[in-house]
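These notes concern the structure reproduced below.
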Amino acid sequence: MGAHTHDDVRKHLKLYIGVFLALLVGTAITVYAWTWHFESVAITITVALFIACIKAFLVAGYFMHLMSERKTIYAILLTTVFFFAGLMYLTVWSREEMPRGTTYSVGPNPSLPQLGTH
Amino acid sequence: MEIPYTVQPRADTGLFNAKVGIWLFLASEVMLFGALFSSYILLRVGASSWPHGLLNVPIGTFNTAVLITSSITMVLAWANMKMGNPPLSRIFLGITVLCGFAFLGVKTKEYYDKFVHYEVRLVDGTVADGHIKKSPDFSVRGFKPEKGSIVLEPANVLHANPGESMADAMARLPAKERYAHHHGEEMHLEASQIRWISNYTPKHSTYFAIYFTLTGLHALHVFGGMIVLSYLFFQNRAAFARTQTERYTNRLEVGGLFWHFVDLVWIFLFPVLYLL
């Protein structure tokens with residue numbers, strides 16, 4: 001972004017407004033999708049995080065100008081991605097590395113009676 | 001002595017020094033929030049049930065829109081400075097700071113609502129949550145009431161199994177019903193009828209502990225960003241900005257990168273905490 005001239009910036013103004021509107025639309029879609037209340041947690045998480053990733057791409061790519069940055073910045077971010085992925089891998093790994101026979105609770109006991117409301 | 005590379009890019013990096021500095025800082029911030037997100041994942045997959053519908057989604061959506069708006073005004077503040085229009089840049093910068101105030105104001109209201117909202121588990125298995133209207137002589141040790149009584153205005157009332165939490169009870173409802181309010185009439189409860197009581201603070205559950213940790217840390221970042229941007233707002237009219245315009249513009253760019261990062265974090269926090 002440091003190399004942007006005045007004219008470059010002027011040309012990009014419409015793009016910035018477009019990204020802003022796309023972010024608002026993305027937020028609206030996220031909330032609208034949430035009102036469907038999928039029974040599957042996996043689908044709910046996938047839809048919500050997919051839209052969040054697109055919005056994050058728009059902010060990082062255009063507002064933070066990562067679409068046209070210097071190699072130094074990409075190198076810094078690549079290192080970050082590596083360690084972030086390692087961190088997340090450790091999270092998954094730590095869950096797997098449990099004593100044999102460990103069981104996890106995945107929700108309330110399904111054998112209990114269904115609830116009624118007042 | 002002049003500080004080198006505040007305007008001119010270094011030959012090796014191709015960037016002015018502050019820009020390399022802010023990206024290194026943001027890299028460390030990614031790891032900080034990444035560690036907390038990984039904690040969230042571990043806590044969530046290890047939990048027997050996870051609460052839904054306890055946060056106000058319209059308010060969260062509004063705050064998301066506020067932060068997105070602040071991001072575009074931040075970009076426009078930088079762009080107008082680049083195009084040689086400092087007065088307009090100052091206006092956009094001011095709007096950005098005001099958006100920060102709005103975000104923190106709404107967040108404070110949300111926190112306050114949680115502090116005065118109580119979950120009550122009764123001895124007969126009923127679970128309810130809502131605001132306590134009156135509590136004459138009511139005293140609690142830990143989560144267990146000792147004496148007195150309360151009048152509860154319930155937002156939700158559910159029949160659960162003795163000892164179950166509101167989250168456990170809601171988890172057995174069909175997905176669509178989990179988010180609907182199950183209103184009940186005003187409840188007059190003696191201490192002896194209550195098995196467990198807590199407001200929606202970090203002590204309530206793992207969910208609220210991680211909610212307050214993540215959003216609290218994020219709010220601190222918003223506050224920090226507002227301090228920096230406010231400083232730049234006042235510096236806009238100072239001699240420094242007029243005589244060293246490019247250097248001031250670079251400061252604006254660096255401050256803006258931090259502000260966009262704060263927005264970026266919220267883009268993930270909102271669905272993770274409010275919707276999932």
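Naming scheme: A, B, ... for chains in displayed order of the structure tokens; residues 1 onward per chain; ligands 1 onward as shown.
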
- Identify, on the basis of only C-alpha atoms, every residue whose closest approach to Glu246 of chain B does not exceed 9 Å; exclude the query and any residue fewer than 5 positions from it along the same chain; express the result as number ranges by chain. B: 7, 81-82, 241, 251

Using only C-alpha atoms, please write the residues we just selected to a file, as an mmCIF file, in the first residue's frame.
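File produced: out05.cif:
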```cif
data_model
loop_
_atom_site.group_PDB
_atom_site.id
_atom_site.type_symbol
_atom_site.label_atom_id
_atom_site.label_comp_id
_atom_site.auth_asym_id
_atom_site.auth_seq_id
_atom_site.Cartn_x
_atom_site.Cartn_y
_atom_site.Cartn_z
ATOM 1 C CA VAL B 7 8.670 7.847 5.252
ATOM 2 C CA MET B 81 -5.196 12.093 3.659
ATOM 3 C CA LYS B 82 -3.486 10.396 0.729
ATOM 4 C CA ALA B 241 0.509 16.881 10.055
ATOM 5 C CA ARG B 251 0.851 6.894 11.132
#
```

- Message: Among segment 129-217 of chain B, which residues does DSSP mark as alpha helix (DSSP H) when it is run on the backbone? Keep the chain and numbering as in the structure and answer as a list in words.
- Response: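 In segment 129-217 of chain B, DSSP puts these residues in alpha helix (DSSP H): Met166, Ala167, Asp168, Ala169, Met170, Ala171, Ala175, Lys176, Glu177, Arg178, Thr206, Tyr207, Phe208, Ala209, Ile210, Tyr211, Phe212, Thr213, Leu214, Thr215, Gly216 and Leu217 of chain B.
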
- Query: Contacts of Val31 of chain A at 9 Å or less, counting only C-alpha atoms, minus same-chain residues fewer than 3 places along, as a list in words?
  - Reply: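 In the requested form, the answer reads Gly26, Thr27, Ala28, Trp34, Thr35 and Ala48 of chain A; Val57, Pro58, Thr61, Pro271 and Leu275 of chain B.
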
Could you give me, as a Markdown table, every chain B residue with an atom at most 7 Å from chain A, plus its closest atom pair and distance in Å to one decimal, counting only C-alpha atoms, rows ordered by chain then number?
```
| residue | atom | partner | partner_atom | distance |
| --- | --- | --- | --- | --- |
| B:Thr13 | CA | A:Thr72 | CA | 5.8 |
| B:Gly14 | CA | A:Arg70 | CA | 6.8 |
| B:Leu15 | CA | A:Gly2 | CA | 7.0 |
| B:Trp23 | CA | A:Ile73 | CA | 6.9 |
| B:Leu24 | CA | A:Ile76 | CA | 6.8 |
| B:Ala27 | CA | A:Thr80 | CA | 5.8 |
| B:Met31 | CA | A:Phe84 | CA | 6.3 |
| B:Gly34 | CA | A:Phe84 | CA | 6.6 |
| B:Ser38 | CA | A:Thr91 | CA | 6.1 |
| B:Leu42 | CA | A:Thr91 | CA | 6.8 |
| B:Gly46 | CA | A:Tyr104 | CA | 6.7 |
| B:Ala47 | CA | A:Ser105 | CA | 6.8 |
| B:Ser48 | CA | A:Gly107 | CA | 4.7 |
| B:Ser49 | CA | A:Gly107 | CA | 5.0 |
| B:Ala65 | CA | A:Leu24 | CA | 6.5 |
| B:Ile68 | CA | A:Phe20 | CA | 6.9 |
| B:Ile72 | CA | A:Phe20 | CA | 6.2 |
| B:Val75 | CA | A:Phe63 | CA | 6.4 |
| B:Ala79 | CA | A:Val9 | CA | 6.1 |
| B:Lys82 | CA | A:His6 | CA | 5.9 |
| B:Met83 | CA | A:His6 | CA | 5.1 |
| B:Val157 | CA | A:His118 | CA | 6.4 |
| B:Leu158 | CA | A:Thr117 | CA | 5.0 |
| B:His159 | CA | A:Thr117 | CA | 6.1 |
| B:Ala160 | CA | A:Leu115 | CA | 6.6 |
| B:Asp168 | CA | A:Pro108 | CA | 6.0 |
| B:Arg172 | CA | A:Gln114 | CA | 6.7 |
| B:Leu173 | CA | A:Leu115 | CA | 6.8 |
| B:Ala175 | CA | A:Glu39 | CA | 5.6 |
| B:Lys176 | CA | A:His37 | CA | 5.6 |
| B:His182 | CA | A:Thr117 | CA | 6.8 |
| B:Gly184 | CA | A:His118 | CA | 6.6 |
| B:Leu257 | CA | A:Met64 | CA | 5.9 |
| B:His260 | CA | A:Met64 | CA | 6.8 |
| B:Leu264 | CA | A:Ala56 | CA | 5.7 |
| B:Ile267 | CA | A:Ala52 | CA | 6.0 |
| B:Phe268 | CA | A:Ala52 | CA | 6.0 |
| B:Pro271 | CA | A:Ala48 | CA | 6.2 |
| B:Leu275 | CA | A:Trp34 | CA | 6.5 |
| B:Leu276 | CA | A:Ile45 | CA | 6.4 |
```

Just the selected residues (N, CA and C atoms), exported as a short mmCIF file (atom, residue, chain, number, x, y, z; two decimals), in the first residue's frame, please.
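Wrote it out as result14.cif, contents follow:
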```cif
data_model
loop_
_atom_site.label_atom_id
_atom_site.label_comp_id
_atom_site.auth_asym_id
_atom_site.auth_seq_id
_atom_site.Cartn_x
_atom_site.Cartn_y
_atom_site.Cartn_z
N THR B 13 13.36 -4.29 2.95
CA THR B 13 11.96 -4.71 3.16
C THR B 13 11.02 -4.07 2.15
N GLY B 14 11.41 -2.94 1.61
CA GLY B 14 10.56 -2.20 0.69
C GLY B 14 9.45 -1.46 1.41
N LEU B 15 9.56 -1.33 2.72
CA LEU B 15 8.50 -0.71 3.53
C LEU B 15 9.09 0.26 4.54
N TRP B 23 2.84 -5.01 11.54
CA TRP B 23 2.48 -6.37 11.09
C TRP B 23 3.07 -7.43 12.00
N LEU B 24 4.28 -7.18 12.53
CA LEU B 24 4.85 -8.12 13.51
C LEU B 24 3.99 -8.16 14.76
N ALA B 27 0.89 -10.04 14.09
CA ALA B 27 1.17 -11.48 14.07
C ALA B 27 1.11 -12.04 15.49
N MET B 31 -1.68 -14.80 17.38
CA MET B 31 -1.38 -15.94 18.26
C MET B 31 -2.09 -15.80 19.61
N GLY B 34 -5.61 -16.54 18.86
CA GLY B 34 -5.63 -17.94 18.44
C GLY B 34 -5.60 -18.87 19.64
N SER B 38 -8.48 -21.48 20.58
CA SER B 38 -8.24 -22.91 20.77
C SER B 38 -8.74 -23.34 22.15
N LEU B 42 -11.52 -26.31 22.89
CA LEU B 42 -11.34 -27.39 23.86
C LEU B 42 -12.46 -27.39 24.90
N GLY B 46 -15.47 -30.33 25.13
CA GLY B 46 -15.44 -31.08 26.38
C GLY B 46 -16.66 -30.85 27.25
N ALA B 47 -17.53 -29.92 26.85
CA ALA B 47 -18.69 -29.58 27.69
C ALA B 47 -19.84 -30.55 27.44
N SER B 48 -20.58 -30.85 28.49
CA SER B 48 -21.71 -31.77 28.33
C SER B 48 -22.84 -31.10 27.54
N SER B 49 -22.98 -29.79 27.70
CA SER B 49 -23.94 -29.04 26.88
C SER B 49 -23.44 -27.61 26.77
N ALA B 65 -22.26 -4.31 12.73
CA ALA B 65 -22.42 -3.26 11.71
C ALA B 65 -21.66 -2.00 12.10
N ILE B 68 -17.97 -2.60 11.35
CA ILE B 68 -17.74 -2.60 9.89
C ILE B 68 -17.76 -1.15 9.37
N ILE B 72 -14.74 1.13 7.35
CA ILE B 72 -14.77 1.89 6.08
C ILE B 72 -14.42 3.36 6.35
N VAL B 75 -10.69 3.60 6.53
CA VAL B 75 -10.07 3.56 5.20
C VAL B 75 -10.23 4.92 4.51
N ALA B 79 -7.52 7.38 3.01
CA ALA B 79 -7.57 7.70 1.59
C ALA B 79 -7.62 9.21 1.36
N LYS B 82 -4.32 10.71 1.89
CA LYS B 82 -3.49 10.40 0.73
C LYS B 82 -3.82 11.32 -0.44
N MET B 83 -5.13 11.69 -0.56
CA MET B 83 -5.56 12.52 -1.69
C MET B 83 -5.42 14.01 -1.39
N VAL B 157 -38.77 -20.45 31.37
CA VAL B 157 -39.06 -21.43 32.41
C VAL B 157 -39.17 -22.79 31.73
N LEU B 158 -38.40 -23.76 32.24
CA LEU B 158 -38.41 -25.10 31.63
C LEU B 158 -38.48 -26.16 32.73
N HIS B 159 -39.13 -27.27 32.42
CA HIS B 159 -39.09 -28.43 33.32
C HIS B 159 -37.83 -29.21 32.97
N ALA B 160 -36.98 -29.40 33.93
CA ALA B 160 -35.76 -30.16 33.69
C ALA B 160 -35.69 -31.28 34.72
N ASP B 168 -28.52 -27.51 29.74
CA ASP B 168 -28.84 -28.93 29.58
C ASP B 168 -30.28 -29.10 29.12
N ARG B 172 -32.00 -30.38 24.99
CA ARG B 172 -32.89 -31.48 24.61
C ARG B 172 -34.10 -31.00 23.81
N LEU B 173 -34.23 -29.68 23.70
CA LEU B 173 -35.34 -29.15 22.89
C LEU B 173 -34.96 -29.20 21.41
N ALA B 175 -34.06 -27.77 17.78
CA ALA B 175 -33.22 -26.58 17.54
C ALA B 175 -34.02 -25.28 17.50
N LYS B 176 -35.16 -25.30 16.82
CA LYS B 176 -35.93 -24.05 16.66
C LYS B 176 -36.46 -23.53 18.00
N HIS B 182 -39.41 -19.07 26.55
CA HIS B 182 -40.50 -19.85 27.15
C HIS B 182 -40.95 -19.11 28.40
N GLY B 184 -42.84 -17.39 31.55
CA GLY B 184 -43.64 -17.89 32.65
C GLY B 184 -44.13 -16.72 33.47
N LEU B 257 -4.43 -0.14 10.34
CA LEU B 257 -4.21 -1.59 10.26
C LEU B 257 -4.61 -2.27 11.56
N HIS B 260 -8.46 -2.29 11.78
CA HIS B 260 -9.06 -3.33 10.93
C HIS B 260 -8.88 -4.71 11.54
N LEU B 264 -11.58 -7.48 12.36
CA LEU B 264 -11.39 -8.86 11.88
C LEU B 264 -11.67 -9.88 12.99
N ILE B 267 -15.34 -10.21 13.64
CA ILE B 267 -16.03 -10.96 12.58
C ILE B 267 -16.12 -12.45 12.95
N PHE B 268 -15.11 -12.95 13.67
CA PHE B 268 -15.16 -14.35 14.11
C PHE B 268 -15.85 -14.48 15.47
N PRO B 271 -20.14 -14.70 15.31
CA PRO B 271 -20.83 -15.98 15.11
C PRO B 271 -20.49 -17.03 16.16
N LEU B 275 -24.00 -16.99 17.81
CA LEU B 275 -24.85 -17.77 16.92
C LEU B 275 -24.62 -19.27 17.00
N LEU B 276 -23.41 -19.73 17.36
CA LEU B 276 -23.13 -21.17 17.31
C LEU B 276 -23.43 -21.86 18.63
#
```

- In segment 97-275 of chain B, DSSP strand (DSSP E or B) residues written as a PyMOL selection string: chain B and resi 117-122+126-134+139-141+144-147+149-159+187-190+194-199

- Task: Rank nothing, just name the residue among B:Leu76, B:Val151, B:Leu104, B:Gly130 nearest to Lys14 of chain A, using only C-alpha atoms.
- Result: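 Using only C-alpha atoms, Lys14 of chain A sits closest to B:Leu76.
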
- Distance of atom CA of Val254 of chain B from atom CA of Ala102 of chain B, expressed in Å to one decimal place: 22.5 Å

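When only C-alpha atoms are used to measure the gap to Asp129 of chain B, the shortest distance among B:Val222, B:Ile197, B:Ile95, B:Ile150 belongs to B:Ile197.
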
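Atom pair atom CA of Pro51 of chain B / atom CA of Val66 of chain B: separated by 25.8 Å.
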
- In Å to one decimal, how far is atom CA of Asp124 of chain B from atom CA of Ser205 of chain B?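 Spanning atom CA of Ser205 of chain B to atom CA of Asp124 of chain B is a straight-line distance of 21.5 Å.
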
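Nearest to Glu110 of chain B of all the residues B:Pro4, B:Gly256, B:Pro87, B:Gly216 is B:Gly216, based on only C-alpha atoms.
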
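Compared by their closest atoms to Trp259 of chain B, and using only C-alpha atoms, the residues B:Ala238, B:Met226, B:Ile59, B:Val45 rank with B:Met226 nearest.
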
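The closest residue to Glu146 of chain B, picked from B:Ile194, B:Leu43, B:Leu98, B:Ile22 and counting only C-alpha atoms, is B:Ile194.
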